[in-house]
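What follows is the content of work-v1.txt, which has compact mmCIF, C-alpha atoms:
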# COMPACT_ATOMS: atom_id res chain seq x y z
CA MET A 1492 -8.87 -88.67 137.83
CA LYS A 1493 -9.27 -86.23 134.90
CA ASP A 1494 -11.50 -83.22 135.42
CA LEU A 1495 -14.10 -83.18 132.62
CA SER A 1496 -15.97 -80.15 133.83
CA SER A 1497 -13.87 -77.69 131.84
CA THR A 1498 -14.15 -79.82 128.68
CA THR A 1499 -17.90 -80.11 129.05
CA ARG A 1500 -18.22 -76.40 129.67
CA HIS A 1501 -16.16 -75.66 126.52
CA ALA A 1502 -18.32 -77.98 124.41
CA ARG A 1503 -21.49 -76.38 125.80
CA ASN A 1504 -20.20 -72.91 124.98
CA SER A 1505 -19.24 -73.94 121.45
CA VAL A 1506 -22.79 -75.10 120.81
CA ILE A 1507 -24.38 -71.98 122.23
CA TYR A 1508 -21.82 -69.61 120.72
CA PRO A 1509 -20.64 -71.17 117.45
CA ARG A 1510 -17.50 -69.91 115.74
CA LYS A 1511 -18.00 -67.22 113.12
CA ARG A 1512 -17.80 -68.23 109.51
CA PRO A 1513 -14.99 -66.72 107.45
CA SER A 1514 -15.89 -63.66 105.44
CA PRO A 1515 -16.69 -64.40 101.78
CA ASN A 1516 -14.45 -61.52 100.75
CA GLY A 1517 -11.39 -63.08 102.34
CA VAL A 1518 -11.03 -60.43 105.07
CA SER A 1519 -11.03 -61.73 108.66
CA LYS A 1520 -9.98 -60.23 111.97
CA SER A 1521 -7.19 -61.91 113.86
CA HIS A 1522 -5.94 -60.77 117.24
CA LYS A 1523 -2.54 -62.33 116.76
CA SER A 1524 -0.88 -61.93 113.39
CA PRO A 1525 2.56 -63.14 112.49
CA PRO A 1526 5.24 -60.45 112.39
CA PHE A 1527 5.99 -60.88 108.67
CA SER A 1528 2.37 -60.07 107.67
CA GLN A 1529 2.09 -56.75 109.45
CA ASN A 1530 3.27 -54.72 106.44
CA VAL A 1531 1.35 -56.69 103.82
CA MET A 1532 -1.50 -54.76 102.13
CA ARG A 1533 -4.72 -56.72 102.22
CA LYS A 1534 -6.91 -56.79 99.13
CA THR A 1535 -10.27 -55.21 99.84
CA PRO A 1536 -13.38 -56.02 97.78
CA ARG A 1537 -13.21 -52.57 96.18
CA SER A 1538 -9.62 -53.04 95.00
CA ALA A 1539 -10.40 -56.54 93.73
CA LYS A 1540 -13.33 -55.20 91.74
CA THR A 1541 -11.19 -52.38 90.34
CA ALA A 1542 -8.53 -54.86 89.20
CA LEU A 1543 -11.16 -57.01 87.54
CA MET A 1544 -12.60 -54.01 85.70
CA GLN A 1545 -9.12 -53.05 84.52
CA ARG A 1546 -8.53 -56.53 83.14
CA GLN A 1547 -11.89 -56.42 81.36
CA GLN A 1548 -11.06 -53.02 79.91
CA LEU A 1549 -7.74 -54.32 78.63
CA ARG A 1550 -9.54 -57.25 77.06
CA ARG A 1551 -12.03 -54.90 75.42
CA ASP A 1552 -9.22 -52.72 74.14
CA GLY A 1553 -7.68 -55.65 72.34
CA VAL A 1554 -4.52 -55.87 74.42
CA ILE A 1555 -4.91 -59.65 74.62
CA LEU A 1556 -4.76 -59.82 70.80
CA GLU A 1557 -1.18 -59.20 69.71
CA ASN A 1558 -0.83 -56.64 66.93
CA GLU A 1559 1.84 -58.61 65.10
CA TYR A 1560 -0.60 -61.52 64.60
CA ARG A 1561 -3.70 -59.44 63.86
CA GLU A 1562 -3.51 -59.71 60.05
CA ASP A 1563 -2.70 -63.42 60.16
CA ILE A 1564 -5.70 -64.00 62.42
CA ARG A 1565 -7.93 -62.03 60.06
CA CYS A 1566 -6.78 -64.02 57.03
CA TYR A 1567 -7.37 -67.31 58.84
CA MET A 1568 -10.83 -66.19 59.97
CA HIS A 1569 -11.77 -65.21 56.41
CA GLU A 1570 -10.59 -68.60 55.18
CA MET A 1571 -12.55 -70.48 57.84
CA GLU A 1572 -15.78 -68.53 57.38
CA ASN A 1573 -15.79 -69.34 53.67
CA TYR A 1574 -15.20 -73.00 54.45
CA THR A 1575 -17.97 -73.24 57.08
CA MET A 1576 -20.84 -71.52 55.29
CA GLY A 1577 -24.28 -73.00 54.69
CA SER A 1578 -25.93 -73.23 51.27
CA THR A 1579 -29.30 -71.57 50.72
CA GLN A 1580 -29.76 -73.46 47.45
CA SER A 1581 -29.48 -76.79 49.25
CA MET A 1582 -31.82 -75.66 52.00
CA ASP A 1583 -34.38 -74.61 49.39
CA GLN A 1584 -34.61 -78.25 48.29
CA GLN A 1585 -35.82 -79.56 51.67
CA PRO A 1586 -39.08 -81.50 51.15
CA GLU A 1587 -40.82 -80.42 54.36
CA ILE A 1588 -38.91 -77.52 55.95
CA ARG A 1589 -39.82 -74.04 54.71
CA TRP A 1590 -38.21 -70.70 55.43
CA HIS A 1591 -41.20 -69.37 57.36
CA MET A 1592 -40.45 -72.03 60.00
CA ARG A 1593 -36.97 -70.63 60.67
CA PRO A 1594 -38.09 -67.64 62.82
CA CYS A 1595 -39.94 -70.02 65.16
CA LEU A 1596 -36.83 -72.16 65.68
CA VAL A 1597 -34.53 -69.15 66.13
CA ASP A 1598 -36.95 -67.59 68.62
CA PHE A 1599 -36.95 -70.83 70.62
CA LEU A 1600 -33.14 -71.02 70.59
CA VAL A 1601 -32.78 -67.37 71.61
CA GLU A 1602 -35.00 -68.02 74.62
CA ILE A 1603 -32.99 -71.07 75.73
CA HIS A 1604 -29.71 -69.26 75.10
CA PHE A 1605 -30.78 -66.30 77.22
CA SER A 1606 -32.21 -68.41 80.04
CA PHE A 1607 -28.94 -70.32 80.47
CA ARG A 1608 -26.82 -67.12 80.19
CA LEU A 1609 -24.64 -68.54 77.45
CA ARG A 1610 -22.01 -66.58 75.54
CA PRO A 1611 -23.11 -64.62 72.43
CA GLU A 1612 -20.85 -66.73 70.19
CA THR A 1613 -22.82 -69.83 71.19
CA LEU A 1614 -26.02 -68.61 69.54
CA TYR A 1615 -24.31 -67.80 66.21
CA LEU A 1616 -22.43 -71.09 66.19
CA THR A 1617 -25.70 -72.91 66.89
CA LEU A 1618 -27.41 -71.44 63.83
CA ASN A 1619 -24.32 -72.10 61.71
CA ILE A 1620 -24.36 -75.78 62.71
CA VAL A 1621 -28.09 -75.98 61.91
CA ASP A 1622 -27.57 -74.40 58.47
CA ARG A 1623 -24.70 -76.71 57.59
CA TYR A 1624 -26.61 -79.78 58.72
CA VAL A 1625 -29.77 -78.81 56.84
CA SER A 1626 -27.64 -78.11 53.75
CA ARG A 1627 -26.43 -81.74 53.70
CA ARG A 1628 -29.23 -83.81 55.23
CA ILE A 1629 -32.96 -84.12 54.70
CA VAL A 1630 -34.67 -82.96 57.90
CA PHE A 1631 -38.32 -83.56 58.64
CA ILE A 1632 -40.51 -81.12 60.52
CA LYS A 1633 -40.77 -83.34 63.58
CA HIS A 1634 -36.96 -83.40 63.91
CA TYR A 1635 -36.34 -79.71 63.22
CA GLN A 1636 -36.47 -78.68 66.88
CA LEU A 1637 -34.36 -81.68 67.84
CA VAL A 1638 -31.65 -80.59 65.39
CA GLY A 1639 -31.69 -77.08 66.85
CA CYS A 1640 -31.36 -78.31 70.44
CA ALA A 1641 -28.55 -80.71 69.53
CA ALA A 1642 -26.73 -77.87 67.74
CA LEU A 1643 -27.13 -75.63 70.80
CA TRP A 1644 -25.80 -78.40 73.01
CA ILE A 1645 -22.73 -78.84 70.77
CA ALA A 1646 -22.06 -75.10 70.54
CA ALA A 1647 -22.35 -74.65 74.31
CA LYS A 1648 -19.83 -77.43 74.91
CA PHE A 1649 -17.47 -75.77 72.44
CA GLU A 1650 -17.82 -72.11 73.54
CA ASP A 1651 -19.07 -71.94 77.13
CA ALA A 1652 -17.85 -72.96 80.54
CA LYS A 1653 -18.70 -76.45 81.75
CA GLU A 1654 -21.04 -75.31 84.52
CA ARG A 1655 -23.18 -73.33 82.06
CA VAL A 1656 -23.72 -76.11 79.52
CA PRO A 1657 -27.32 -77.39 79.72
CA THR A 1658 -27.82 -81.06 80.53
CA VAL A 1659 -29.89 -83.53 78.58
CA GLN A 1660 -32.58 -83.31 81.22
CA ASP A 1661 -32.71 -79.52 80.71
CA LEU A 1662 -33.16 -79.97 76.96
CA VAL A 1663 -35.92 -82.53 77.48
CA GLN A 1664 -37.70 -80.15 79.80
CA MET A 1665 -37.32 -77.26 77.34
CA CYS A 1666 -38.91 -79.35 74.60
CA HIS A 1667 -41.78 -80.37 76.90
CA ASP A 1668 -40.86 -84.06 76.71
CA ALA A 1669 -41.28 -84.15 72.94
CA TYR A 1670 -38.07 -86.17 72.60
CA GLU A 1671 -36.35 -88.74 74.80
CA GLU A 1672 -32.87 -88.31 76.22
CA SER A 1673 -31.42 -90.88 73.85
CA ALA A 1674 -32.70 -88.85 70.89
CA PHE A 1675 -30.54 -85.85 71.83
CA ILE A 1676 -27.45 -88.03 72.26
CA GLN A 1677 -28.02 -89.79 68.95
CA MET A 1678 -28.69 -86.52 67.09
CA GLU A 1679 -25.55 -84.97 68.57
CA GLY A 1680 -23.37 -87.68 67.08
CA HIS A 1681 -25.16 -87.51 63.73
CA VAL A 1682 -24.76 -83.74 63.49
CA LEU A 1683 -21.04 -83.88 64.35
CA SER A 1684 -20.37 -86.59 61.77
CA THR A 1685 -22.29 -84.61 59.12
CA ILE A 1686 -20.31 -81.41 59.63
CA GLN A 1687 -17.10 -83.48 59.95
CA TRP A 1688 -16.44 -82.22 63.49
CA THR A 1689 -15.58 -78.76 62.16
CA LEU A 1690 -16.62 -76.32 64.86
CA GLY A 1691 -14.09 -73.51 64.41
CA HIS A 1692 -16.51 -71.14 62.71
CA PRO A 1693 -15.68 -67.41 63.08
CA THR A 1694 -19.03 -65.99 64.14
CA ALA A 1695 -20.37 -62.49 63.63
CA GLU A 1696 -19.85 -61.86 67.35
CA ALA A 1697 -16.14 -62.70 67.01
CA TRP A 1698 -15.83 -60.31 64.06
CA LEU A 1699 -17.66 -57.56 65.95
CA ARG A 1700 -15.31 -57.86 68.92
CA LEU A 1701 -12.34 -57.71 66.57
CA MET A 1702 -13.71 -54.54 64.97
CA CYS A 1703 -14.64 -52.87 68.24
CA CYS A 1704 -11.31 -53.47 70.02
CA GLY A 1705 -9.16 -52.24 67.15
CA PRO A 1706 -7.73 -48.75 66.73
CA CYS A 1707 -11.21 -47.22 67.22
CA VAL A 1708 -12.87 -48.49 70.41
CA GLU A 1709 -16.66 -48.31 70.21
CA GLU A 1710 -18.96 -47.21 73.00
CA PRO A 1711 -21.01 -49.88 74.81
CA LYS A 1712 -24.29 -48.56 73.39
CA VAL A 1713 -23.01 -48.84 69.82
CA GLN A 1714 -21.90 -52.42 70.48
CA HIS A 1715 -25.26 -53.37 72.02
CA VAL A 1716 -27.21 -51.91 69.09
CA ALA A 1717 -24.92 -53.75 66.67
CA ARG A 1718 -25.51 -57.03 68.53
CA PHE A 1719 -29.26 -56.50 68.39
CA LEU A 1720 -29.08 -55.91 64.63
CA MET A 1721 -26.87 -58.96 64.14
CA GLU A 1722 -29.31 -61.23 65.94
CA ILE A 1723 -32.10 -59.94 63.70
CA THR A 1724 -30.21 -61.32 60.71
CA LEU A 1725 -30.44 -64.84 62.17
CA PHE A 1726 -34.20 -64.97 61.56
CA TYR A 1727 -34.44 -64.42 57.80
CA ARG A 1728 -33.29 -66.13 54.63
CA GLU A 1729 -31.84 -63.11 52.82
CA PHE A 1730 -28.99 -62.84 55.34
CA VAL A 1731 -27.91 -66.50 55.36
CA LYS A 1732 -25.81 -66.19 52.20
CA TYR A 1733 -23.61 -63.41 53.58
CA ALA A 1734 -20.37 -64.00 55.46
CA PRO A 1735 -20.29 -63.24 59.20
CA SER A 1736 -17.62 -60.58 58.67
CA SER A 1737 -19.89 -58.65 56.29
CA ILE A 1738 -22.87 -58.98 58.64
CA ALA A 1739 -20.81 -57.68 61.58
CA LEU A 1740 -19.50 -54.75 59.55
CA ALA A 1741 -22.99 -53.87 58.27
CA ALA A 1742 -24.51 -54.06 61.76
CA LEU A 1743 -21.74 -51.86 63.16
CA THR A 1744 -22.18 -49.37 60.30
CA LEU A 1745 -25.93 -49.09 60.86
CA ALA A 1746 -25.48 -48.94 64.64
CA ARG A 1747 -23.02 -46.06 64.32
CA PHE A 1748 -25.49 -44.22 62.10
CA LEU A 1749 -28.38 -44.76 64.54
CA CYS A 1750 -26.27 -43.57 67.48
CA GLY A 1751 -25.16 -40.44 65.61
CA LYS A 1752 -21.53 -41.45 65.18
CA PRO A 1753 -19.47 -40.45 62.12
CA ALA A 1754 -19.34 -43.02 59.35
CA ARG A 1755 -16.19 -44.94 58.47
CA VAL A 1756 -16.49 -44.73 54.73
CA TRP A 1757 -13.09 -46.33 54.16
CA GLU A 1758 -14.32 -49.58 55.77
CA GLU A 1759 -17.61 -49.90 53.88
CA THR A 1760 -17.82 -52.43 51.07
CA ASP A 1761 -20.49 -53.13 48.46
CA GLU A 1762 -21.60 -56.26 50.31
CA CYS A 1763 -21.75 -54.33 53.57
CA LEU A 1764 -23.99 -51.67 52.00
CA GLU A 1765 -26.28 -54.38 50.59
CA ILE A 1766 -26.80 -55.84 54.06
CA VAL A 1767 -27.36 -52.37 55.54
CA ASP A 1768 -30.00 -51.70 52.89
CA LEU A 1769 -31.73 -55.03 53.59
CA LEU A 1770 -31.71 -54.43 57.34
CA ASP A 1771 -32.91 -50.85 57.01
CA THR A 1772 -35.72 -51.82 54.63
CA ARG A 1773 -36.95 -54.66 56.85
CA LEU A 1774 -36.89 -52.51 59.98
CA ALA A 1775 -38.63 -49.63 58.23
CA LYS A 1776 -41.46 -51.83 56.92
CA HIS A 1777 -41.73 -54.66 59.48
CA VAL A 1778 -40.36 -53.28 62.74
CA SER A 1779 -43.54 -54.37 64.51
CA ASP A 1780 -43.01 -57.99 63.40
CA LEU A 1781 -39.73 -58.48 65.25
CA SER A 1782 -39.41 -61.37 67.68
CA GLU A 1783 -40.87 -60.49 71.07
CA THR A 1784 -38.26 -62.64 72.77
CA LEU A 1785 -35.44 -60.77 71.05
CA VAL A 1786 -36.95 -57.35 71.76
CA LYS A 1787 -37.46 -58.25 75.41
CA LYS A 1788 -33.91 -59.56 75.67
CA TYR A 1789 -32.35 -56.31 74.42
CA SER A 1790 -34.70 -54.05 76.37
CA TYR A 1791 -32.78 -54.50 79.62
CA ALA A 1792 -30.53 -51.78 80.97
CA PHE A 1793 -27.35 -53.85 80.74
CA TYR A 1794 -27.95 -53.98 76.96
CA SER A 1795 -28.40 -50.17 76.93
CA LYS A 1796 -32.05 -50.74 75.94
CA ALA A 1797 -30.90 -51.24 72.37
CA ALA A 1798 -34.18 -52.79 71.18
CA THR A 1799 -36.26 -49.91 72.54
CA PHE A 1800 -33.93 -47.38 70.93
CA VAL A 1801 -34.03 -49.03 67.48
CA VAL A 1802 -37.78 -49.72 67.49
CA GLU A 1803 -38.60 -46.13 68.47
CA TYR A 1804 -36.30 -44.78 65.77
CA TYR A 1805 -38.02 -46.70 62.99
CA LEU A 1806 -41.52 -46.16 64.35
CA GLN A 1807 -40.86 -42.44 64.01
CA GLY A 1808 -40.10 -42.90 60.33
CA GLY A 1809 -36.31 -42.96 60.51
CA LYS A 1810 -34.27 -44.10 57.52
CA TYR A 1811 -30.64 -44.85 56.88
CA GLU A 1812 -28.86 -42.28 54.70
CA HIS A 1813 -25.66 -43.28 53.01
CA ILE A 1814 -23.01 -40.59 52.80
CA VAL A 1815 -21.59 -40.35 49.29
CA ILE A 1816 -18.08 -38.95 49.02
CA PRO A 1817 -17.66 -36.60 46.04
CA THR A 1818 -15.21 -37.86 43.46
CA LEU A 1819 -11.87 -36.13 43.23
CA PRO A 1820 -10.97 -34.23 40.03
CA VAL A 1821 -9.14 -36.25 37.42
CA THR A 1822 -5.68 -35.19 36.34
CA PRO A 1823 -5.79 -33.87 32.75
CA THR A 1824 -4.12 -36.11 30.21
CA ARG A 1825 -1.96 -35.20 27.25
CA SER A 1826 -4.13 -34.95 24.13
CA VAL A 1827 -1.37 -34.13 21.61
CA PRO A 1828 1.28 -36.82 21.10
CA ILE A 1829 4.84 -35.95 21.94
CA SER A 1830 6.63 -34.76 18.83
CA ALA A 1831 10.26 -34.83 17.94
CA PHE A 1832 10.49 -31.08 18.37
CA SER A 1833 9.25 -31.03 21.99
CA THR A 1834 11.34 -29.62 24.78
CA PRO A 1835 14.21 -31.99 25.55
CA MET A 1836 14.23 -33.57 29.00
CA SER A 1837 16.75 -32.36 31.50
CA CYS A 1838 18.98 -34.64 33.47
CA SER A 1839 16.51 -34.55 36.41
CA THR A 1840 13.47 -35.41 34.28
CA SER A 1841 12.42 -39.07 34.23
CA THR A 1842 10.66 -40.93 31.48
CA SER A 1843 7.42 -40.92 33.48
CA ASP A 1844 7.22 -37.12 33.09
CA GLY A 1845 6.52 -37.55 29.40
CA SER A 1846 3.74 -40.08 29.87
CA ASP A 1847 0.03 -39.41 29.56
CA ASP A 1848 -0.46 -39.44 33.31
CA PHE A 1849 1.14 -36.03 33.76
CA PRO A 1850 -0.14 -32.65 32.60
CA LEU A 1851 1.48 -30.91 29.66
CA THR A 1852 4.44 -28.64 30.36
CA PRO A 1853 3.49 -24.97 30.03
CA ILE A 1854 4.72 -23.37 26.77
CA THR A 1855 6.12 -19.87 26.54
CA PRO A 1856 4.24 -17.89 23.88
CA ALA A 1857 6.29 -16.72 20.91
CA LEU A 1858 6.64 -13.07 19.97
CA HIS A 1859 6.29 -13.63 16.21
CA PRO A 1860 2.97 -14.61 14.61
CA PRO A 1861 2.20 -18.33 14.33
CA SER A 1862 2.92 -20.20 11.19
CA SER A 1863 0.45 -22.53 9.54
CA ASP A 1864 3.18 -25.04 8.69
CA PHE A 1865 4.31 -25.69 12.28
CA ASP A 1866 2.16 -25.56 15.42
CA ASP A 1867 4.79 -25.71 18.14
CA LYS A 1868 5.39 -22.05 18.90
CA GLU A 1869 8.15 -22.58 21.39
CA ASN A 1870 10.19 -25.09 19.40
CA ARG A 1871 9.74 -23.72 15.87
CA PRO A 1872 12.89 -24.40 13.81
CA THR A 1873 14.62 -21.16 12.83
CA VAL A 1874 17.80 -20.17 11.02
CA PHE A 1875 20.27 -18.17 13.04
CA GLU A 1876 20.71 -14.70 11.70
CA PRO A 1877 22.13 -11.73 13.60
CA VAL A 1878 19.84 -8.77 13.58
CA TYR A 1879 21.06 -5.20 13.35
CA ASN A 1880 19.22 -1.98 13.45
CA LYS A 1881 18.66 -1.94 9.72
CA HIS A 1882 16.93 1.40 9.76
CA ARG A 1883 20.11 3.17 10.94
CA ILE A 1884 22.60 1.44 8.62
CA ASP A 1885 23.31 3.39 5.41
CA ASN A 1886 25.65 2.59 2.60
CA PRO A 1887 28.88 4.50 3.32
CA PRO A 1888 30.41 6.53 0.54
CA GLU A 1889 33.17 4.92 -1.42
CA GLN A 1890 35.85 7.37 -0.33
CA TYR A 1891 35.39 6.21 3.27
CA LEU A 1892 35.75 2.49 2.57
CA PRO A 1893 38.47 0.69 4.56
CA HIS A 1894 41.59 -0.72 3.11
CA ASP A 1895 42.61 -4.34 2.50
CA PHE A 1896 42.06 -6.13 5.83
CA VAL A 1897 39.08 -4.32 7.29
CA ALA A 1898 35.51 -5.68 6.94
CA PHE A 1899 33.04 -2.89 7.54
CA GLY A 1900 29.70 -4.63 7.34
CA ARG A 1901 27.51 -6.89 5.26
CA PRO A 1902 25.97 -4.09 3.14
CA ALA A 1903 29.34 -2.63 2.31
CA LEU A 1904 30.90 -6.02 1.52
CA HIS A 1905 27.88 -6.90 -0.56
CA ASN A 1906 28.33 -3.78 -2.61
CA LEU A 1907 31.96 -4.65 -3.12
CA ASN A 1908 31.15 -8.17 -4.26
CA VAL A 1909 28.52 -7.18 -6.78
CA SER A 1910 30.70 -4.58 -8.39
CA SER A 1911 31.35 -5.50 -11.98
CA SER A 1912 34.77 -3.87 -12.39
CA PRO A 1913 37.70 -4.18 -10.04
CA ARG A 1914 37.97 -1.21 -7.77
CA THR A 1915 41.28 0.71 -7.69
CA PHE A 1916 42.34 2.55 -4.62
CA PRO A 1917 44.33 5.79 -4.80
Serialized structure, structure tokens:
Amino acid sequence: MKDLSSTTRHARNSVIYPRKRPSPNGVSKSHKSPPFSQNVMRKTPRSAKTALMQRQQLRRDGVILENEYREDIRCYMHEMENYTMGSTQSMDQQPEIRWHMRPCLVDFLVEIHFSFRLRPETLYLTLNIVDRYVSRRIVFIKHYQLVGCAALWIAAKFEDAKERVPTVQDLVQMCHDAYEESAFIQMEGHVLSTIQWTLGHPTAEAWLRLMCCGPCVEEPKVQHVARFLMEITLFYREFVKYAPSSIALAALTLARFLCGKPARVWEETDECLEIVDLLDTRLAKHVSDLSETLVKKYSYAFYSKAATFVVEYYLQGGKYEHIVIPTLPVTPTRSVPISAFSTPMSCSTSTSDGSDDFPLTPITPALHPPSSDFDDKENRPTVFEPVYNKHRIDNPPEQYLPHDFVAFGRPALHNLNVSSSPRTFP
């Protein structure tokens, strides 16, 4: 007969002393380890965290983006952002929706976006979908919030991970049961068919990451201030007409100025300076009217308290100052046309040296006084004539004149030629 006492005792001990759960960090103690694993280095939580931070740093530095495709990616992003822009003229023709309602909708979407911890690109894509839909369809006031929630739902499915996407029940709860679940599903299909399922919109966040992970890597505080400024542009009409690339560049330019960084004048464009001026003017005059939700969002430490920094700067009377580069001196141009008597070109002189883009060749001053008939002192046409010391040449006496084959000099020969009678020699 089988002894069950030991089995019962083992079961009783297992209930009283349960087995330890495995460590969440993957490190467990084992008394007997196989011989081949004795020399294997185990990965501690500290080393795993260090490796993760290194991968994130490489991603921030732009290593994931290959340099050989960088320009092609930029060209494609510029092409797509022009194709997926909203129209302010079409939105102006809405019968019920007015521009003063936009800040309320954006404030509501920012709150939902922050509560679900969605990616920054999701918020910009949401507003882009809303603008494109409102540019093509008539939207009533009672459906305005529904359109915004449906756009956020679409953008989250496109940009975020599956576990972070809000459900229909979450959207219904956020809207305080103003719409049924079927309304969100129906509006989602209508919005996608209106924008022709085109969701590949390069957002301002994508442009900012491309600019910050290029040759010049920006500090985290500069990036957080730039993100805060970019989200301010989502609230107002005057920024809707600008491309996301220009908005990202303007926000980064103003953020670098606020943080005391040197300006990148070679990157600034006229459109970028217009946006900077609009942002600076609005913050200087209406900094107290900013969205409380947005200010609270960027007041946390992991956003470097960007909202607090910007608000305090403008409350103290700060103002953006554009650095103007002095113009370089212009190369003098040739005012006198090239004449036929100018200095001939050497074999090493090209035809471009005689053009108007090059300065005039220096001229050696002449020793004789200038003539009124010809202005070119160096190249004045002259007749070759040997010069003697005329003050020391006297007419020799006739008895010392040479014989037949000797030519003494021009004065003596001249006297011989002008003689009227033939001269006889002794």
Considering only C-alpha atoms, give me a table of residues in region 1710-1823 of chain A that are at most 12 Å from region 1579-1587 of chain A, with the closest atom pair and distance in Å for each, as a Markdown table.
| residue | atom | partner | partner_atom | distance |
| --- | --- | --- | --- | --- |
| A:Tyr1727 | CA | A:Thr1579 | CA | 11.3 |
| A:Arg1728 | CA | A:Thr1579 | CA | 7.8 |
| A:Glu1729 | CA | A:Thr1579 | CA | 9.1 |
| A:Phe1730 | CA | A:Thr1579 | CA | 9.9 |
| A:Val1731 | CA | A:Thr1579 | CA | 7.0 |
| A:Lys1732 | CA | A:Thr1579 | CA | 6.6 |
| A:Tyr1733 | CA | A:Thr1579 | CA | 10.4 |
Okay, now the selection with C-alpha atoms, as a short mmCIF file (atom, residue, chain, number, x, y, z; two decimals), keeping the file's coordinate frame?
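Once everything was written out, this is again-v6.cif:
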data_model
loop_
_atom_site.label_atom_id
_atom_site.label_comp_id
_atom_site.auth_asym_id
_atom_site.auth_seq_id
_atom_site.Cartn_x
_atom_site.Cartn_y
_atom_site.Cartn_z
CA TYR A 1727 -34.44 -64.42 57.80
CA ARG A 1728 -33.29 -66.13 54.63
CA GLU A 1729 -31.84 -63.11 52.82
CA PHE A 1730 -28.99 -62.84 55.34
CA VAL A 1731 -27.91 -66.50 55.36
CA LYS A 1732 -25.81 -66.19 52.20
CA TYR A 1733 -23.61 -63.41 53.58
#
Legend entry - Between CA of Asp1651 (chain A) and CA of Ile1620 (chain A), distance in Å (one decimal): 15.8 Å
Inset, instruction - Between CA of Trp1644 (chain A) and CA of Arg1565 (chain A), measure the distance and give it in Å to one decimal. - result: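 Taking CA of Trp1644 (chain A) as the start and CA of Arg1565 (chain A) as the end point, the length is 27.5 Å.
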Legend entry - Pick from A:Val1630, A:Met1571, A:Val1656, A:Ile1738 nearest to Arg1608 (chain A), counting all atoms listed in the file: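 Checking each of A:Val1630, A:Met1571, A:Val1656, A:Ile1738 against Arg1608 (chain A), counting all atoms listed in the file, the winner is A:Val1656.
Nearest residue to Ala1717 (chain A), choosing from A:Gln1664, A:Asn1619, A:Ser1782, A:Ser1795 and counting only C-alpha atoms: A:Ser1795.
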Inset, instruction - Please measure the separation of CA of Leu1774 (chain A) and CA of Tyr1805 (chain A), giving the value in Å to one decimal. - result: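 Interatomic distance here is 6.6 Å.
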Legend entry - Nearby residues (all atoms listed in the file) at most 12 Å from Ser1790 (chain A), same-chain spacing under 2 positions excluded, as number ranges by chain: A: 1715-1716, 1719, 1783-1788, 1792-1803
Inset, instruction - For a cut-off of 9 Å around (-18.7, -65.0, 54.6), file coordinates, pick out all residues using all atoms listed in the file and list them as a PyMOL selection string. - result: chain A and resi 1569-1576+1732-1738
Inset, instruction - Using all atoms listed in the file, find the one residue out of A:Thr1772, A:Thr1724, A:Asp1761, A:Tyr1804 that sits nearest to Phe1748 (chain A). - result: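 Of the candidates, the smallest distance to Phe1748 (chain A) is held by A:Tyr1804.
Near region 1670-1680 of chain A, within 7 Å and counting only C-alpha atoms, sit Leu1637, Val1638, Ala1641, Val1659 and Val1663 of chain A; same-chain residues fewer than 5 positions away were not included.
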